[in-house]
Each structure stands twice: as C-alpha cells, then as structure tokens.
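One structure below.
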Amino acid sequence: MAREPVLTFTPSGIYCPAGDFHIDPWRRVSRALITHGHADHARPGHGRYLATEAAMPVIRHRLGDIAIDTIRYGETRQIGGATVSFHPAGHVPGSAQIRVEVGGEVWVVSGDYKTEADGLSEPFEPVRCHAFITECTFGLPVFRWTPQEEVAAAINRWWAANAAEGRASILGAYSLGKAQRVLAALDPSIGPILTHGAVEATNRVMRDQGIALPDTLHVGPDFDAKAHPGPLVVAPPSALGSAWARRFRGASTGFASGWMRLRGVRRRRAADRGFVLSDHADWDGLLGAIRATEAERIFVTHGYTDIFARYLNEAGWDAQVVTTEYSGESLDEPASDGPADDVTEGAT
Ligand SMILES: [Zn+2]
Ligand SMILES: [Zn+2]
C-alpha cells in the first residue's frame with residue numbers, strides 16, 4: 001500500500017492525516033494550526049487552535065475567546081504520528097511557517113512570508129524540506145521591491161512636504177502588520193502621528209506584548225483635527241474616502257501595498273501617492289526562499305499560481321497549483337477583491 005502523503009488538500013484546507021489536524025483551514029475543523037492572524041488564515045469556529053506565542057495575542061483579539069494553545073519558534077511537538085514545529089515567516093509579528101514531519105519525510109507550509117527583514121517581524125528562516133507549499137501572491141517578475149529604508153524615506157518626504165503646506169497625510173495600510181511597519185518607519189520629528197481605531201486596536205495588542213511603536217494619537221469621534229496640524233494618519237485602506245477621513249480636509253492620500261506596483265490599482269483607488277511596500281515576498285524573494293528549502297516538490301497557493309507554477313516546472317522543479325481560499329495581500333479588510341485584472345496592464 002502506498003504511503004499516505006504528509007499533507008493533503010481537502011475541501012476544508014490543508015490536512016495532515018497522520019496528526020489529524022488542519023493548517024489555516026477555511027472551514028470549521030476540530031484542530032487548526034494557524035500560521036498568522038490575518039483573516040484568511042485565522043478563521044473563527046475551530047475546536048482548538050495552535051499558534052506561536054507571538055501570534056496568539058492578535059489572534060485572540062480578532063477571534064475572541066477561543067481555545068488556543070501556543071508554541072515557541074523552533075519547539076517541536078508531537079501530534080499523533082506527526083512532529084510539528086513553527087518557524088519565522090517574516091510576514092507580520094508572530095507569523096510562522098509550519099514544518100510537519102512524518103516518518104522522516106518533511107513538508108513545510110509557508111503561510112504568507114517575506115524574506116526582507118522589516119525590523120518588527122521575526123526574520124524569515126528557510127526550512128529544509130522535501131515538499132514546500134508556498135504562497136505566490138506576487139509571483140510575477142514585475143514584482144521586485146525596493147528596500148524598505150527607501151520606501152520609508154519616500155513616505156517621510158511626502159509627509160514633510162504635505163505638513164509644510166499645512167495638509168494632513170492619510171496613509172492606507174492594513175491594520176495588522178503593514179500599519180505597524182509603517183509606524184515604525186516614520187520620523188516622529190515631522191509631526192503628530194494619528195491612527196484610525198482599527199489600527200490603534202492592533203497597536204495596543206502589540207505594545208502589550210512588548211513590540212515598540214512610536215507614540216500615536218487615536219482619532220476617535222470627538223477628535224479635534226485642527227489641534228494637530230500636519231499629521232500623518234495611518235488608517236485601513238477602507239477608511240480612505242470615508243466620513244471618518246473627511247475631517248482631514250484637503251488631505252493628501254497614499255497607499256502602502258505591493259499592489260501599488262501596478263499603476264491601474266492606484267489610479268482606481270484615487271490615491272495621490274502609492275508606496276510599494278508589501279509584507280509578501282517579491283519575485284526574487286519567492287525564488288530564493290524556494291531554493292533555500294532544497295525541496296523538489298513545490299505546491300503553489302494564492303497569487304499568480306498558474307504562471308508561477310509553469311515557471312518553476314520549466315526551471316526543473318516539480319510544481320503544482322493548489323486551490324485554496326486564501327486571498328493574498330488585500331487592499332481592503334476583510335480580504336476579498338484580488339486585483340488580477342490589473343496584470344495585463346501593469347505587468348507587461
Ligand atoms: Zn497574511
Ligand atoms: Zn495569505
């Protein structure tokens with residue numbers, strides 16, 4: 001009888017038969033191992049959860065009173081016939097790749113990852129394996145990121161120029177990960193840093209777990225915008241153009257996202273400025289990470305899966321596409337609309 005694979009792809013999500021658990025499942029299951037707190041990976045309704053110590057506070061903040069157990073990076077745990085461990089994915093604070101070993105065969109689920117160190121998330125660590133299940137949100141050669149310091153400098157220059165004209169700068173950045181990364185990169189000497197409630201709630205969770213962020217002022221219902229001239233306001237993308245944002249009359253708006261690499265996305269978002277800043281690996285990051293695993297079999301999930309798998313196969317890997325319900329780097333929260341229609345426009 002042929003041996004069962006270490007992981008299988010089921011209608012509920014990625015499943016380990018030997019350990020009877022799922023990884024980042026999208027339907028309700030009894031036991032879920034969770035790579036990180038983004039809504040498409042950490043969903044409500046599972047019987048039991050396992051996540052890293054560093055990811056737990058935000059998962060609990062988002063999902064409420066769930067039964068969640070924690071594990072340290074690199075610690076091994078036996079679950080049924082499987083040995084599992086979690087390793088830094090560099091995506092957002094606490095994010096992990098999950099290594100599963102059964103009978104000497106090792107599979108790794110990347111979750112979402114980024115290979116560039118961002119100063120907040122635990123830096124990405126390649127894990128050697130036989131099979132690697134990788135996201136490929138930005139799996140096209142057009143996606144190549146500039147170093148974070150350069151993007152940070154551009155954001156600070158934009159902010160300083162707006163402040164000099166007495167305008168507010170409102171920057172759209174999703175509230176878990178990107179927002180804190182932007183905050184940590186800001187130069188507080190330019191002016192006050194303000195936050196939308198969704199961002200501030202996540203900030204609070206992260207500060208409580210010891211992550212250092214600059215001082216911020218929460219823009220609540222009674223906030224007097226005039227008392228804080230020339231601010232940089234960090235808000236979820238969905239808040240831009242809302243009644244909440246209109247209190248900052250004459251503000252300049254910007255977006256921080258990997259999708260800003262595609263001109264059409266920014267245009268349709270009506271943002272004044274796009275900053276190409278992603279919490280996912282770019283083309284070179286994906287290929288570098290895959291090489292570092294030394295895996296022969298590659299399964300690709302969310303993103304430009306068909307194109308990316310074809311590239312890997314031509315380059316000598318045994319790659320296949322896996323259909324999942326993960327949604328990549330979203331422009332809105334909760335994640336939904338993939339801007340796939342911009343590819344022809346921006347990527348050619
Ligand atoms: Zn994510
Ligand atoms: Zn994802």
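Numbering starts fresh at 1 for the residues of each chain in the structure tokens, the chains themselves are lettered A, B, ... in the order given, and ligands are numbered from 1 as they appear.
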
Exercise for the section: Please give me, as a ChimeraX atom specification, the residues lying within 8 Å of ligand 1 when counting only C-alpha atoms and all ligand atoms. Expected result: /A:36-41,91-92,111-113,279-280,328-329

Residue selection dump (N, CA and C atoms) as a compact mmCIF listing (two decimals), in the first residue's frame:
# COMPACT_ATOMS: atom_id res chain seq x y z
N HIS A 36 -0.70 32.62 11.02
CA HIS A 36 -0.70 34.01 11.48
C HIS A 36 -2.12 34.55 11.52
N GLY A 37 -2.28 35.77 12.04
CA GLY A 37 -3.60 36.27 12.38
C GLY A 37 -4.44 36.89 11.28
N HIS A 38 -3.95 37.01 10.06
CA HIS A 38 -4.78 37.59 9.00
C HIS A 38 -6.05 36.78 8.79
N ALA A 39 -7.11 37.50 8.41
CA ALA A 39 -8.45 36.90 8.42
C ALA A 39 -8.59 35.68 7.52
N ASP A 40 -7.83 35.63 6.43
CA ASP A 40 -7.98 34.48 5.53
C ASP A 40 -7.21 33.25 6.04
N HIS A 41 -6.38 33.42 7.06
CA HIS A 41 -5.62 32.29 7.61
C HIS A 41 -6.14 31.87 8.99
N HIS A 91 6.55 37.70 7.89
CA HIS A 91 5.40 38.35 7.23
C HIS A 91 4.83 39.47 8.11
N VAL A 92 4.43 39.12 9.31
CA VAL A 92 3.97 40.06 10.33
C VAL A 92 4.47 39.50 11.67
N GLY A 111 2.63 29.52 4.82
CA GLY A 111 1.75 30.64 5.17
C GLY A 111 2.09 31.79 4.25
N ASP A 112 1.92 33.02 4.73
CA ASP A 112 2.40 34.18 3.98
C ASP A 112 3.81 34.47 4.47
N TYR A 113 4.69 34.89 3.58
CA TYR A 113 6.05 35.18 4.04
C TYR A 113 6.70 36.28 3.23
N ASP A 279 4.11 43.00 2.53
CA ASP A 279 4.50 42.04 3.55
C ASP A 279 4.64 40.64 2.97
N HIS A 280 4.68 40.58 1.64
CA HIS A 280 4.89 39.31 0.94
C HIS A 280 6.21 39.36 0.18
N GLY A 328 -4.32 36.45 -0.38
CA GLY A 328 -3.17 37.27 -0.70
C GLY A 328 -3.15 38.59 0.03
N GLU A 329 -2.45 39.56 -0.51
CA GLU A 329 -2.37 40.88 0.14
C GLU A 329 -3.58 41.68 -0.26

Residues of stretch 177-230 of chain A that have any atom at most 12 Å from an atom of stretch 252-265 of chain A: could you tabulate them with the shortest-distance atom pair and the distance in Å to one decimal, using only C-alpha atoms, ordered by chain and increasing number, as JSON lines?
{"residue": "A:Gly177", "atom": "CA", "partner": "A:Ser257", "partner_atom": "CA", "distance": 11.5}
{"residue": "A:Lys178", "atom": "CA", "partner": "A:Ala256", "partner_atom": "CA", "distance": 7.8}
{"residue": "A:Ala179", "atom": "CA", "partner": "A:Ala256", "partner_atom": "CA", "distance": 8.8}
{"residue": "A:Gln180", "atom": "CA", "partner": "A:Ala256", "partner_atom": "CA", "distance": 11.7}
{"residue": "A:Arg181", "atom": "CA", "partner": "A:Ala256", "partner_atom": "CA", "distance": 10.2}
{"residue": "A:Val182", "atom": "CA", "partner": "A:Ala256", "partner_atom": "CA", "distance": 8.3}
{"residue": "A:Leu183", "atom": "CA", "partner": "A:Ala256", "partner_atom": "CA", "distance": 11.6}
{"residue": "A:Gly230", "atom": "CA", "partner": "A:Ser252", "partner_atom": "CA", "distance": 10.6}

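Those residues in stretch 70-123 of chain A carrying a DSSP assignment of strand (DSSP E), computed from the backbone, are Thr70, Ile71, Thr76, Arg77, Gln78, Ile79, Ala82, Thr83, Val84, Ser85, Phe86, His87, Pro88, Ala96, Gln97, Ile98, Arg99, Val100, Glu101, Val102, Glu105, Val106, Trp107, Val108 and Val109 of chain A.
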
Practice task
Would you list, as an NGL selection string, the residues of stretch 32-275 of chain A that end up in alpha helix (DSSP H) under DSSP run on this structure's backbone?
Solution key: :A and (56-63 or 148-164 or 178-185 or 197-208 or 243-246 or 263-269)

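Rounded to one decimal, atom CA of A:Val142 and atom CA of A:Leu287 lie 13.6 Å from each other.
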
Exercise for the section: Find, counting only C-alpha atoms, the residue in A:Arg246, A:Val199, A:Thr301, A:Tyr326 that gets nearest to A:Pro25. Expected result: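 Among the listed residues, the smallest separation from A:Pro25 belongs to A:Tyr326.
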
Practice task
Compile the contact shell of stretch 158-161 of chain A as a PyMOL selection string: residues with an atom at most 12 Å away, counting only C-alpha atoms, same-chain residues fewer than 5 positions apart removed.
Solution key: chain A and resi 151-153+166-171+186-193+229-234+251-255+272-275

Could you take the residues named above and write them with N, CA and C atoms, as a compact mmCIF listing (two decimals), in the first residue's frame?
# COMPACT_ATOMS: atom_id res chain seq x y z
N VAL A 151 11.65 53.13 0.80
CA VAL A 151 10.21 53.39 0.83
C VAL A 151 9.87 54.27 2.04
N ALA A 152 10.51 53.97 3.17
CA ALA A 152 10.27 54.75 4.39
C ALA A 152 10.69 56.20 4.16
N ALA A 153 11.82 56.41 3.52
CA ALA A 153 12.29 57.76 3.26
C ALA A 153 11.30 58.51 2.36
N GLY A 166 0.65 72.61 5.34
CA GLY A 166 -0.45 72.59 6.29
C GLY A 166 -1.50 71.52 5.99
N ARG A 167 -1.12 70.51 5.22
CA ARG A 167 -2.08 69.44 4.90
C ARG A 167 -1.77 68.19 5.71
N ALA A 168 -2.84 67.43 5.95
CA ALA A 168 -2.66 66.11 6.57
C ALA A 168 -2.27 65.11 5.49
N SER A 169 -1.59 64.05 5.90
CA SER A 169 -1.26 62.93 5.01
C SER A 169 -1.97 61.70 5.56
N ILE A 170 -2.86 61.12 4.76
CA ILE A 170 -3.55 59.91 5.23
C ILE A 170 -3.00 58.73 4.45
N LEU A 171 -2.45 57.77 5.18
CA LEU A 171 -1.82 56.64 4.54
C LEU A 171 -2.63 55.37 4.81
N LEU A 186 8.29 55.70 10.50
CA LEU A 186 8.04 57.14 10.41
C LEU A 186 9.05 57.94 11.23
N ASP A 187 9.27 59.18 10.82
CA ASP A 187 10.14 60.10 11.55
C ASP A 187 9.24 61.02 12.39
N PRO A 188 9.10 60.72 13.70
CA PRO A 188 8.14 61.47 14.53
C PRO A 188 8.47 62.95 14.67
N SER A 189 9.68 63.36 14.26
CA SER A 189 10.02 64.78 14.37
C SER A 189 9.26 65.61 13.34
N ILE A 190 8.66 64.96 12.33
CA ILE A 190 7.95 65.70 11.28
C ILE A 190 6.63 66.26 11.80
N GLY A 191 5.95 65.50 12.65
CA GLY A 191 4.65 65.97 13.15
C GLY A 191 3.95 64.88 13.93
N PRO A 192 2.69 65.13 14.30
CA PRO A 192 1.96 64.12 15.08
C PRO A 192 1.58 62.91 14.22
N ILE A 193 1.53 61.75 14.87
CA ILE A 193 1.13 60.51 14.19
C ILE A 193 -0.23 60.11 14.74
N PRO A 229 -1.97 69.95 13.63
CA PRO A 229 -1.72 70.23 12.22
C PRO A 229 -0.58 69.39 11.63
N GLY A 230 -0.70 69.13 10.32
CA GLY A 230 0.37 68.41 9.59
C GLY A 230 0.59 66.98 10.03
N PRO A 231 -0.48 66.25 10.35
CA PRO A 231 -0.26 64.90 10.85
C PRO A 231 -0.06 63.87 9.73
N LEU A 232 0.50 62.75 10.14
CA LEU A 232 0.47 61.54 9.30
C LEU A 232 -0.57 60.65 9.95
N VAL A 233 -1.58 60.26 9.19
CA VAL A 233 -2.68 59.47 9.72
C VAL A 233 -2.60 58.07 9.11
N VAL A 234 -2.52 57.06 9.95
CA VAL A 234 -2.48 55.69 9.44
C VAL A 234 -3.86 55.07 9.63
N ALA A 251 -6.63 66.79 2.74
CA ALA A 251 -5.52 65.87 2.98
C ALA A 251 -5.02 65.24 1.69
N SER A 252 -3.76 64.88 1.71
CA SER A 252 -3.20 64.06 0.63
C SER A 252 -3.33 62.61 1.06
N THR A 253 -3.68 61.73 0.11
CA THR A 253 -3.87 60.33 0.47
C THR A 253 -2.82 59.45 -0.19
N GLY A 254 -2.40 58.45 0.53
CA GLY A 254 -1.43 57.49 -0.01
C GLY A 254 -1.82 56.08 0.37
N PHE A 255 -1.25 55.12 -0.34
CA PHE A 255 -1.48 53.71 -0.09
C PHE A 255 -0.15 53.01 0.04
N ASP A 272 -3.43 59.77 -3.99
CA ASP A 272 -2.47 60.71 -4.56
C ASP A 272 -1.11 60.05 -4.73
N ARG A 273 -0.77 59.19 -3.78
CA ARG A 273 0.54 58.55 -3.84
C ARG A 273 0.43 57.06 -3.55
N GLY A 274 1.22 56.26 -4.26
CA GLY A 274 1.30 54.84 -3.96
C GLY A 274 2.71 54.52 -3.48
N PHE A 275 2.80 53.81 -2.38
CA PHE A 275 4.11 53.38 -1.89
C PHE A 275 4.16 51.87 -2.00

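Using only C-alpha atoms, the smallest distance between any of A:Trp107, A:Phe124, A:Phe143, A:Tyr174 and A:Cys16 comes from A:Trp107.
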
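Nearest to ligand 2 of all the residues A:Ala42, A:Ala309, A:Ala163, A:Ala295 is A:Ala42, counting only C-alpha atoms and all ligand atoms.
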
Fill in the blank from the handout: Residue with the minimum atom-to-atom distance to A:Ala96, picked from A:Ala117, A:Ala292, A:Ala243, A:Leu33 with only C-alpha atoms counted, is A:Leu33

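Going from atom CA of A:Gly241 to atom CA of A:Glu200 covers 18.9 Å.
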
Practice task
With a distance cut-off of 12 Å and only C-alpha atoms, select the neighbouring residues of A:Gly64, excluding the residue or stretch itself and same-chain residues fewer than 4 positions from it, and output the selection as a list in words.
Solution key: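 Result of the neighbour search: Ala42, Arg43, Pro44, Gly45, Met56, Pro57, Val58, Ile59, Arg60 and Ile68 of chain A.
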
Practice task
Do a neighbour search on A:Leu50 at 12 Å with only C-alpha atoms, toss out local chain neighbours closer than 5 positions, and write the hits as an MDAnalysis selection string.
Solution key: chainID A and resid 21:24 30:37 42 55:56 59:60 66:72 77 79 84:86 96 98

Can those selected residues be exported to a file as a compact mmCIF listing (two decimals), in the first residue's frame so that it contains C-alpha atoms?
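Writing the result to result_5.txt gives the following:
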# COMPACT_ATOMS: atom_id res chain seq x y z
CA PHE A 21 -5.09 18.41 12.09
CA HIS A 22 -5.52 21.15 9.52
CA ILE A 23 -3.30 24.13 8.75
CA ASP A 24 -5.03 27.52 8.21
CA SER A 30 -11.58 20.25 15.26
CA ARG A 31 -7.89 21.13 15.35
CA ALA A 32 -6.29 24.04 13.47
CA LEU A 33 -2.63 25.02 13.32
CA ILE A 34 -2.51 28.71 12.39
CA THR A 35 0.38 30.44 10.62
CA HIS A 36 -0.70 34.01 11.48
CA GLY A 37 -3.60 36.27 12.38
CA ALA A 42 -7.07 32.56 11.13
CA ALA A 55 0.85 35.45 17.11
CA MET A 56 -1.56 34.44 19.85
CA ILE A 59 -5.48 36.02 17.01
CA ARG A 60 -7.29 36.15 20.32
CA ILE A 66 -11.11 30.60 21.51
CA ALA A 67 -9.30 27.51 22.81
CA ILE A 68 -5.76 28.38 21.77
CA ASP A 69 -2.52 26.72 22.69
CA THR A 70 0.86 28.28 21.92
CA ILE A 71 4.25 27.07 20.77
CA ARG A 72 7.65 28.78 20.57
CA ARG A 77 5.54 18.98 19.28
CA ILE A 79 0.63 15.48 17.31
CA VAL A 84 5.37 19.75 14.04
CA SER A 85 7.32 22.95 14.58
CA PHE A 86 6.81 26.62 13.72
CA ALA A 96 5.16 31.26 11.05
CA ILE A 98 4.74 25.23 9.77

Problem - Atomic separation - atom CA of A:Gly316 relative to atom CA of A:Ala89, Å - result: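 Computing the Euclidean distance for atom CA of A:Ala89 and atom CA of A:Gly316 yields 24.9 Å.
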
Exercise for the section: Determine, counting only C-alpha atoms, which protein, DNA and RNA residues have an atom within 9 Å of an atom of A:Glu116; residues of the same chain fewer than 2 positions away are not included. Present the result as a ChimeraX atom specification. Expected result: /A:90,114,118,123-124,147-148,279-281,285

Generate the output file for the selected residues, N, CA and C atoms, as an mmCIF file, in the first residue's frame.
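Listed below is the output, selection.cif:
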data_model
loop_
_atom_site.group_PDB
_atom_site.id
_atom_site.type_symbol
_atom_site.label_atom_id
_atom_site.label_comp_id
_atom_site.auth_asym_id
_atom_site.auth_seq_id
_atom_site.Cartn_x
_atom_site.Cartn_y
_atom_site.Cartn_z
ATOM 1 N N GLY A 90 8.537 35.947 8.698
ATOM 2 C CA GLY A 90 8.901 37.317 8.353
ATOM 3 C C GLY A 90 7.779 38.157 7.763
ATOM 4 N N LYS A 114 7.727 36.839 3.858
ATOM 5 C CA LYS A 114 8.545 37.840 3.179
ATOM 6 C C LYS A 114 9.976 37.642 3.626
ATOM 7 N N ASP A 118 12.037 43.327 8.339
ATOM 8 C CA ASP A 118 11.352 44.623 8.425
ATOM 9 C C ASP A 118 11.573 45.317 9.768
ATOM 10 N N PRO A 123 12.681 37.650 11.632
ATOM 11 C CA PRO A 123 13.116 37.486 10.236
ATOM 12 C C PRO A 123 12.886 36.064 9.688
ATOM 13 N N PHE A 124 12.517 35.999 8.428
ATOM 14 C CA PHE A 124 12.259 34.743 7.717
ATOM 15 C C PHE A 124 13.434 33.776 7.862
ATOM 16 N N PRO A 147 14.261 48.444 -1.344
ATOM 17 C CA PRO A 147 14.492 48.223 0.089
ATOM 18 C C PRO A 147 13.575 49.099 0.950
ATOM 19 N N GLN A 148 13.191 48.541 2.092
ATOM 20 C CA GLN A 148 12.245 49.215 2.986
ATOM 21 C C GLN A 148 12.704 50.628 3.376
ATOM 22 N N ASP A 279 4.109 43.001 2.530
ATOM 23 C CA ASP A 279 4.500 42.038 3.549
ATOM 24 C C ASP A 279 4.641 40.637 2.965
ATOM 25 N N HIS A 280 4.677 40.579 1.636
ATOM 26 C CA HIS A 280 4.894 39.306 0.940
ATOM 27 C C HIS A 280 6.212 39.362 0.185
ATOM 28 N N ALA A 281 6.745 38.188 -0.109
ATOM 29 C CA ALA A 281 7.983 38.113 -0.879
ATOM 30 C C ALA A 281 7.751 38.587 -2.306
ATOM 31 N N GLY A 285 12.436 37.105 -3.983
ATOM 32 C CA GLY A 285 12.274 36.551 -2.640
ATOM 33 C C GLY A 285 11.648 35.164 -2.684
#

Handout entry: Near-A:Asp208 list (12 Å; only C-alpha atoms; drop same-chain fewer than 5 positions) as an NGL selection string
Key = :A and (54 or 57-58 or 61 or 201-203 or 213)

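The residue that comes closest to A:Leu63, out of A:Phe132, A:Thr76, A:Tyr49, A:Ser327 and on the basis of only C-alpha atoms, is A:Tyr49.
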
Practice task
May I ask which of the residues A:Gly303, A:Gly250, A:Pro236, A:Gly74 is the closest one to ligand 2, counting only C-alpha atoms and all ligand atoms?
Solution key: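 Among the listed residues, A:Gly303 lies closest to ligand 2.
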